[in-house]
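**Q** Let me give you the structure first, and then I'll get to my questions.
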Amino acid sequence: MAEQAFLTYRGKPLVRKDNVIYYGNMSDKYVIMLQIVSTQKVNDLDVAEKVLVQLMYTDPELRTRDRVVKKSEKIGLYNAMDIGSIWLERSLKNG
């Protein structure tokens with residue numbers, strides 16, 4: 001079976017399941033979770049409007065609510081990805 005290539009953003013994988021997008025490597029200490037809270041119709045296409053951004057530990061030993069390091073709500077997927085990528089880069093750099 002061939003290995004499936006992930007869509008990437010700034011060199012890190014993006015994985016989507018329904019209205020949730022994970023950004024980053026699960027083998028790293030942190031990942032970003034983007035949850036699309038609301039959408040709006042633009043030319044018959046659903047476009048993300050409100051997006052919840054969470055910087056999370058990947059440690060499976062932690063309870064789900066203890067994994068969240070930082071969170072914010074942004075308008076638009078671009079704004080959410082922008083802040084998420086900044087948080088992730090800084091957190092991975094600082095350990």
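Lettering and numbering for the structure tokens are positional, with chains as A, B, ... in the shown order, residues counted from 1 in each chain, and ligands counted from 1 in the shown order.
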Per residue of segment 14-53 of chain A within 10 Å of segment 76-79 of chain A, what are the shortest atom pair and its distance in Å to one decimal, counting only C-alpha atoms, with rows by chain and residue number, as JSON lines?
**A**
```
{"residue": "A:Leu34", "atom": "CA", "partner": "A:Leu77", "partner_atom": "CA", "distance": 8.5}
{"residue": "A:Gln35", "atom": "CA", "partner": "A:Leu77", "partner_atom": "CA", "distance": 9.6}
{"residue": "A:Ile36", "atom": "CA", "partner": "A:Leu77", "partner_atom": "CA", "distance": 8.1}
{"residue": "A:Ser38", "atom": "CA", "partner": "A:Gly76", "partner_atom": "CA", "distance": 9.6}
{"residue": "A:Thr39", "atom": "CA", "partner": "A:Gly76", "partner_atom": "CA", "distance": 9.0}
{"residue": "A:Val47", "atom": "CA", "partner": "A:Gly76", "partner_atom": "CA", "distance": 8.1}
{"residue": "A:Ala48", "atom": "CA", "partner": "A:Gly76", "partner_atom": "CA", "distance": 5.6}
{"residue": "A:Glu49", "atom": "CA", "partner": "A:Gly76", "partner_atom": "CA", "distance": 4.8}
{"residue": "A:Lys50", "atom": "CA", "partner": "A:Gly76", "partner_atom": "CA", "distance": 6.0}
{"residue": "A:Val51", "atom": "CA", "partner": "A:Leu77", "partner_atom": "CA", "distance": 6.5}
{"residue": "A:Leu52", "atom": "CA", "partner": "A:Leu77", "partner_atom": "CA", "distance": 9.5}
{"residue": "A:Val53", "atom": "CA", "partner": "A:Leu77", "partner_atom": "CA", "distance": 9.7}
```
**Q** Emit the selected residues as an mmCIF file, in the first residue's frame, including C-alpha atoms.
**A**
```cif
data_model
loop_
_atom_site.group_PDB
_atom_site.id
_atom_site.type_symbol
_atom_site.label_atom_id
_atom_site.label_comp_id
_atom_site.auth_asym_id
_atom_site.auth_seq_id
_atom_site.Cartn_x
_atom_site.Cartn_y
_atom_site.Cartn_z
ATOM 1 C CA LEU A 34 -8.420 24.394 14.561
ATOM 2 C CA GLN A 35 -12.141 23.854 15.078
ATOM 3 C CA ILE A 36 -14.473 25.535 12.599
ATOM 4 C CA SER A 38 -19.364 28.569 12.084
ATOM 5 C CA THR A 39 -19.399 28.945 8.319
ATOM 6 C CA VAL A 47 -16.337 29.173 4.052
ATOM 7 C CA ALA A 48 -15.026 29.128 7.636
ATOM 8 C CA GLU A 49 -16.152 32.162 9.606
ATOM 9 C CA LYS A 50 -15.394 31.620 13.324
ATOM 10 C CA VAL A 51 -12.481 29.307 14.075
ATOM 11 C CA LEU A 52 -11.333 28.165 17.529
ATOM 12 C CA VAL A 53 -7.518 27.864 17.670
#
```
**Q** From the set A:Val31, A:Ile75, A:Leu45, A:Leu14, which residue has the shortest atom-to-atom contact distance to Asp59 of chain A, counting only C-alpha atoms?
**A**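 Of the candidates, the smallest distance to Asp59 of chain A is held by A:Val31.
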**Q** Would you mind listing what lies within 10 Å of Leu92 of chain A as a PyMOL selection string, with only C-alpha atoms counted and same-chain residues fewer than 3 positions away left out?
**A** chain A and resi 28-31+87-89+95
**Q** Output N, CA and C atoms of each residue in that selection to a file, as an mmCIF file, in the first residue's frame.
**A**
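Saved the output as part_4.cif:
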```cif
data_model
loop_
_atom_site.group_PDB
_atom_site.id
_atom_site.type_symbol
_atom_site.label_atom_id
_atom_site.label_comp_id
_atom_site.auth_asym_id
_atom_site.auth_seq_id
_atom_site.Cartn_x
_atom_site.Cartn_y
_atom_site.Cartn_z
ATOM 1 N N ASP A 28 5.817 15.660 17.633
ATOM 2 C CA ASP A 28 6.363 16.830 18.322
ATOM 3 C C ASP A 28 5.645 17.013 19.663
ATOM 4 N N LYS A 29 6.141 17.924 20.479
ATOM 5 C CA LYS A 29 5.556 18.168 21.802
ATOM 6 C C LYS A 29 4.200 18.865 21.707
ATOM 7 N N TYR A 30 3.996 19.688 20.657
ATOM 8 C CA TYR A 30 2.765 20.471 20.495
ATOM 9 C C TYR A 30 2.183 20.315 19.093
ATOM 10 N N VAL A 31 0.886 20.505 18.974
ATOM 11 C CA VAL A 31 0.187 20.650 17.692
ATOM 12 C C VAL A 31 -0.856 21.752 17.864
ATOM 13 N N TRP A 87 2.168 30.435 17.097
ATOM 14 C CA TRP A 87 2.202 29.775 18.406
ATOM 15 C C TRP A 87 3.002 28.480 18.348
ATOM 16 N N LEU A 88 2.764 27.682 17.302
ATOM 17 C CA LEU A 88 3.412 26.381 17.191
ATOM 18 C C LEU A 88 4.916 26.548 17.019
ATOM 19 N N GLU A 89 5.332 27.436 16.132
ATOM 20 C CA GLU A 89 6.765 27.654 15.918
ATOM 21 C C GLU A 89 7.462 28.124 17.191
ATOM 22 N N GLY A 95 10.721 24.822 23.426
ATOM 23 C CA GLY A 95 10.676 23.548 24.117
ATOM 24 C C GLY A 95 9.487 23.386 24.961
#
```
**Q** Would you please work out which residue, of A:Val42, A:Val69, A:Val37, A:Met56, is nearest to Asn25 of chain A when using only C-alpha atoms?
**A**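 Comparing A:Val42, A:Val69, A:Val37, A:Met56 against Asn25 of chain A, the winner is A:Met56.
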**Q** From chain A, collect each residue whose DSSP state is alpha helix (DSSP H) and return the set as a list of chain:residue names.
**A** A:Thr64, A:Arg65, A:Asp66, A:Arg67, A:Leu77, A:Tyr78, A:Asn79, A:Ala80, A:Met81, A:Asp82, A:Ile83, A:Gly84, A:Ser85, A:Ile86, A:Trp87, A:Leu88, A:Glu89, A:Arg90, A:Ser91, A:Leu92, A:Lys93, A:Asn94
**Q** Could you check the closest approach to Lys12 of chain A for each of A:Ser91, A:Gln40, A:Ser85, A:Tyr57 and tell me which residue wins, using only C-alpha atoms?
**A**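 Among the listed residues, A:Ser85 lies closest to Lys12 of chain A.
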**Q** So what do you get for atom CA of Val15 of chain A versus atom CA of Ile83 of chain A, distance-wise?
**A**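 Between these atoms lies a distance of 17.5 Å.
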**Q** Quick one: distance from atom CA of Leu55 of chain A to atom CA of Ser27 of chain A in Å, one decimal?
**A**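 Straight-line distance from atom CA of Leu55 of chain A to atom CA of Ser27 of chain A works out to 14.6 Å.
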**Q** May I have the residues within 6 Å of Met33 of chain A as a list in words, using only C-alpha atoms and disregarding those fewer than 2 positions away in the same chain?
**A**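 The residues that qualify are Ile21, Tyr22, Val53 and Gln54 of chain A.
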**Q** Please identify which residues in segment 6-82 of chain A DSSP calls strand (DSSP E) from the backbone, and express them as a VMD selection string.
**A** chain A and resid 7 to 9 12 to 17 20 to 23 30 to 42 45 to 57 68 to 75
**Q** Write the residues you've just listed into a file as a tab-separated table (two decimals), in the first residue's frame, and include N, CA and C atoms for each of them.
**A**
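This went into selection.tsv:
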```tsv
chain	number	residue	atom	x	y	z
A	7	LEU	N	-1.35	17.05	3.11
A	7	LEU	CA	-1.33	18.44	2.71
A	7	LEU	C	-0.50	19.16	3.77
A	8	THR	N	0.36	20.09	3.37
A	8	THR	CA	1.20	20.77	4.34
A	8	THR	C	1.02	22.28	4.26
A	9	TYR	N	1.37	22.95	5.35
A	9	TYR	CA	1.37	24.41	5.44
A	9	TYR	C	2.65	24.77	6.18
A	12	LYS	N	4.60	21.77	7.62
A	12	LYS	CA	4.02	20.89	8.62
A	12	LYS	C	2.69	20.33	8.09
A	13	PRO	N	2.37	19.08	8.45
A	13	PRO	CA	1.15	18.46	7.92
A	13	PRO	C	-0.14	19.05	8.47
A	14	LEU	N	-1.17	19.01	7.61
A	14	LEU	CA	-2.53	19.39	7.96
A	14	LEU	C	-3.41	18.15	7.80
A	15	VAL	N	-4.17	17.82	8.83
A	15	VAL	CA	-5.06	16.66	8.77
A	15	VAL	C	-6.45	17.14	9.18
A	16	ARG	N	-7.44	16.86	8.33
A	16	ARG	CA	-8.80	17.33	8.60
A	16	ARG	C	-9.74	16.16	8.84
A	17	LYS	N	-10.59	16.32	9.84
A	17	LYS	CA	-11.67	15.37	10.12
A	17	LYS	C	-12.90	16.21	10.41
A	20	VAL	N	-12.72	19.81	12.11
A	20	VAL	CA	-11.51	19.95	12.92
A	20	VAL	C	-10.29	19.72	12.04
A	21	ILE	N	-9.31	20.62	12.15
A	21	ILE	CA	-8.06	20.50	11.41
A	21	ILE	C	-6.92	20.48	12.41
A	22	TYR	N	-6.05	19.48	12.30
A	22	TYR	CA	-4.85	19.41	13.12
A	22	TYR	C	-3.67	19.86	12.27
A	23	TYR	N	-2.84	20.72	12.85
A	23	TYR	CA	-1.68	21.27	12.16
A	23	TYR	C	-0.44	20.96	12.98
A	30	TYR	N	4.00	19.69	20.66
A	30	TYR	CA	2.76	20.47	20.49
A	30	TYR	C	2.18	20.31	19.09
A	31	VAL	N	0.89	20.51	18.97
A	31	VAL	CA	0.19	20.65	17.69
A	31	VAL	C	-0.86	21.75	17.86
A	32	ILE	N	-1.38	22.20	16.74
A	32	ILE	CA	-2.47	23.17	16.74
A	32	ILE	C	-3.75	22.45	16.32
A	33	MET	N	-4.83	22.69	17.05
A	33	MET	CA	-6.13	22.19	16.65
A	33	MET	C	-6.99	23.39	16.26
A	34	LEU	N	-7.54	23.34	15.06
A	34	LEU	CA	-8.42	24.39	14.56
A	34	LEU	C	-9.82	23.79	14.44
A	35	GLN	N	-10.77	24.34	15.14
A	35	GLN	CA	-12.14	23.85	15.08
A	35	GLN	C	-13.00	24.92	14.44
A	36	ILE	N	-13.61	24.59	13.31
A	36	ILE	CA	-14.47	25.53	12.60
A	36	ILE	C	-15.81	25.56	13.33
A	37	VAL	N	-16.09	26.70	13.96
A	37	VAL	CA	-17.28	26.86	14.79
A	37	VAL	C	-18.49	27.26	13.94
A	38	SER	N	-18.27	28.16	12.96
A	38	SER	CA	-19.36	28.57	12.08
A	38	SER	C	-18.84	28.84	10.68
A	39	THR	N	-19.74	28.71	9.72
A	39	THR	CA	-19.40	28.94	8.32
A	39	THR	C	-20.41	29.90	7.71
A	40	GLN	N	-20.06	30.45	6.56
A	40	GLN	CA	-20.99	31.27	5.80
A	40	GLN	C	-20.92	30.83	4.34
A	41	LYS	N	-22.02	31.01	3.63
A	41	LYS	CA	-22.08	30.65	2.21
A	41	LYS	C	-21.47	31.75	1.36
A	42	VAL	N	-20.56	31.39	0.48
A	42	VAL	CA	-19.99	32.31	-0.50
A	42	VAL	C	-20.03	31.58	-1.84
A	45	LEU	N	-20.46	27.88	-1.63
A	45	LEU	CA	-19.35	27.22	-0.97
A	45	LEU	C	-19.36	27.61	0.50
A	46	ASP	N	-19.26	26.63	1.41
A	46	ASP	CA	-19.17	26.93	2.84
A	46	ASP	C	-17.75	27.37	3.17
A	47	VAL	N	-17.63	28.60	3.70
A	47	VAL	CA	-16.34	29.17	4.05
A	47	VAL	C	-16.30	29.38	5.56
A	48	ALA	N	-15.17	29.00	6.19
A	48	ALA	CA	-15.03	29.13	7.64
A	48	ALA	C	-15.17	30.59	8.05
A	49	GLU	N	-15.97	30.81	9.08
A	49	GLU	CA	-16.15	32.16	9.61
A	49	GLU	C	-15.46	32.25	10.97
A	50	LYS	N	-16.03	31.64	12.00
A	50	LYS	CA	-15.39	31.62	13.32
A	50	LYS	C	-14.60	30.32	13.47
A	51	VAL	N	-13.35	30.47	13.91
A	51	VAL	CA	-12.48	29.31	14.07
A	51	VAL	C	-11.83	29.37	15.46
A	52	LEU	N	-11.97	28.28	16.23
A	52	LEU	CA	-11.33	28.16	17.53
A	52	LEU	C	-9.93	27.59	17.32
A	53	VAL	N	-8.91	28.28	17.82
A	53	VAL	CA	-7.52	27.86	17.67
A	53	VAL	C	-7.02	27.43	19.04
A	54	GLN	N	-6.41	26.23	19.11
A	54	GLN	CA	-5.87	25.75	20.38
A	54	GLN	C	-4.48	25.18	20.17
A	55	LEU	N	-3.53	25.65	20.97
A	55	LEU	CA	-2.20	25.05	21.03
A	55	LEU	C	-2.30	23.95	22.07
A	56	MET	N	-1.92	22.71	21.68
A	56	MET	CA	-2.12	21.56	22.56
A	56	MET	C	-0.87	20.71	22.69
A	57	TYR	N	-0.69	20.12	23.88
A	57	TYR	CA	0.33	19.09	24.06
A	57	TYR	C	-0.13	17.83	23.32
A	68	VAL	N	-4.58	21.55	26.62
A	68	VAL	CA	-4.68	22.88	26.01
A	68	VAL	C	-3.75	23.85	26.72
A	69	VAL	N	-2.84	24.46	25.95
A	69	VAL	CA	-1.88	25.41	26.47
A	69	VAL	C	-2.39	26.83	26.27
A	70	LYS	N	-2.94	27.09	25.09
A	70	LYS	CA	-3.39	28.43	24.70
A	70	LYS	C	-4.58	28.27	23.77
A	71	LYS	N	-5.53	29.21	23.82
A	71	LYS	CA	-6.63	29.16	22.86
A	71	LYS	C	-7.14	30.55	22.55
A	72	SER	N	-7.74	30.68	21.37
A	72	SER	CA	-8.29	31.95	20.90
A	72	SER	C	-9.32	31.64	19.82
A	73	GLU	N	-10.22	32.59	19.60
A	73	GLU	CA	-11.18	32.45	18.50
A	73	GLU	C	-10.88	33.54	17.47
A	74	LYS	N	-10.79	33.14	16.22
A	74	LYS	CA	-10.45	34.06	15.14
A	74	LYS	C	-11.55	34.05	14.08
A	75	ILE	N	-11.62	35.14	13.33
A	75	ILE	CA	-12.55	35.23	12.21
A	75	ILE	C	-11.78	34.85	10.96
```
